[in-house]
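J.: Pasting in a structure now, in structure tokens, and then I'll have a few things to ask.
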Amino acid sequence: MAALVLAATGCSAGEQEPPRGGSAPDPTAALRERCLSAIPEDADLEALTLPGASGGDVEAARIGPQESATVAVLLPQIGGMCGWGRWAHAAAEDAGITSLLLNPCGYGDTACTAEADADPLNEVAAATRLARRDLGADRVVLLGTSMGGSLTVIAAAAGAEVDAWADVSGPSSWDGVELATLADDLPRTGLVVMAPSDGRAAFVDARALARAAGVRFLPGRSGHGWELLVDPVGGSVTRLGRRLMAFATGRPGE
């Protein structure tokens, strides 16, 4: 009888104890939950953490095949990397592009040292290294919207090892850096996109940057950042969004 009581007590106690050695929350599932509809349910998604080139941990995500000849490194608006999700999914489905979405220092779960935060290549270099070493990329492009567009220009001028770059709706200055002063340092494999709806001054500055850097300027009709690439209501990729895909793959005549 005593043995039965002990056995019953042991079972009861065991059920009340929390399970030991349980698996940690899945980072990809957590990212899906955080991004909600910004990343389509059927997107080939993997949450990543990359060591920053100068320090810290960079929150990133892969959307698209685990191997691809073309990899797009995507820098976001201040809302964070989720907003690239629909364009990245369409780029994978329609053009075979794999995208690496990044959160810069101070955004999302990216945590940086002061030295890493001051390095314009900290996050970008980590992603380009992964793209070429692990994803099999022959072509790596750096694309950014709004804040990310300005950060793209700054990184490209600092020597980011990319084959092309594009600034979509980037402000003419960021963190005290005037983009116009970087024009001579920019590779001529770039693209600048801006819509008049961002204001006459911003539109004129963007066009002047493209002219000074010797790169193509594409005017949008209306919208800012991701809105120029993906319809914010229907979620379909816009004409400019498809032209950015063509630019990413380096297709001539697009």
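Order determines the names: the first chain of the structure tokens is A, the second B, and so forth; residues in each chain are numbered 1 upward, and ligands are numbered 1 upward as they are shown.
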Skipping near chain neighbours, those fewer than 5 positions away, what residues fall within 8 Å of range 155-168 of chain A using only C-alpha atoms, listed as a PyMOL selection string?
T.: chain A and resi 120-121+124-125+128+139-146+148-150+182-183+185-187+189-194+225+248
J.: Taking the DSSP secondary structure from the backbone, can you list the residues of range 103-164 of chain A that are alpha helix (DSSP H), as a VMD selection string?
T.: chain A and resid 114 to 118 122 to 133 147 to 157
J.: May I ask which of the residues A:Asp42, A:Glu227, A:Glu93, A:Asp57 is the closest one to Ala111 in chain A, counting only C-alpha atoms?
T.: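 That would be A:Asp57, the residue with the smallest distance to Ala111 in chain A.
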J.: Could you please determine the separation between CA of Thr28 in chain A and CA of Ala47 in chain A in Å, to one decimal place?
T.: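 So the two atoms, CA of Thr28 in chain A and CA of Ala47 in chain A, lie 4.7 Å apart.
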J.: What's around Thr98 in chain A at 10 Å? Count only C-alpha atoms, leave out sequence neighbours fewer than 6 positions away in its own chain, and write the answer as a count of residues only.
T.: 21
J.: Using DSSP assignments from the backbone, pull out every residue in range 15-196 of chain A that falls under strand (DSSP E) and give it to me as a ChimeraX atom specification.
T.: /A:45-51,57-63,70-75,98-102,139-145,164-168,173-174,177-178,190-194
J.: Pick out the residues sitting within 9 Å of Ala202 in chain A, and hand them over as a list in words; count only C-alpha atoms, and ignore anything fewer than 3 positions along from it in its own chain.
T.: Ser169, Gly170, Pro171, Ser172, Met194, Ala195, Pro196, Asp198, Gly199, Asp205, Ala206 and Arg207 of chain A
J.: How would the residues just chosen look if you wrote them out with C-alpha atoms as a PDB file, in the first residue's frame?
T.:
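Writing the result to out34.pdb gives the following:
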ATOM      1  CA  SER A 169      13.511  56.576 -51.546  1.00  0.00           C
ATOM      2  CA  GLY A 170      16.617  57.153 -49.438  1.00  0.00           C
ATOM      3  CA  PRO A 171      16.796  60.559 -47.682  1.00  0.00           C
ATOM      4  CA  SER A 172      19.610  62.774 -48.962  1.00  0.00           C
ATOM      5  CA  MET A 194      12.485  58.319 -55.966  1.00  0.00           C
ATOM      6  CA  ALA A 195       8.872  59.443 -56.403  1.00  0.00           C
ATOM      7  CA  PRO A 196       7.783  63.103 -56.580  1.00  0.00           C
ATOM      8  CA  ASP A 198       8.304  62.480 -51.342  1.00  0.00           C
ATOM      9  CA  GLY A 199       8.522  66.210 -52.055  1.00  0.00           C
ATOM     10  CA  ASP A 205      18.326  65.632 -54.503  1.00  0.00           C
ATOM     11  CA  ALA A 206      17.894  61.987 -55.533  1.00  0.00           C
ATOM     12  CA  ARG A 207      18.125  62.805 -59.214  1.00  0.00           C
TER      13      ARG A 207
END
J.: Considering only C-alpha atoms, can you say which of A:Ile154, A:Ala30, A:Pro76, A:Ala201 comes closest to Val177 in chain A?
T.: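 Ranked by minimum distance to Val177 in chain A, first place goes to A:Ile154.
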J.: Have a look at A:Trp87, A:Leu74, A:Glu41, A:Ala210 and name the one nearest to Arg239 in chain A; count only C-alpha atoms.
T.: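 Selected residue with least distance to Arg239 in chain A: A:Trp87.
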J.: Please compute the CA of Thr110 in chain A-CA of Thr152 in chain A distance, one decimal, in Å.
T.: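 If I compute the distance from CA of Thr110 in chain A to CA of Thr152 in chain A, I get 17.3 Å.
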J.: Considering only C-alpha atoms, state which residue in the set A:Ala90, A:Ala116, A:Gly106, A:Ala126 is at the smallest distance from Leu48 in chain A.
T.: A:Ala126
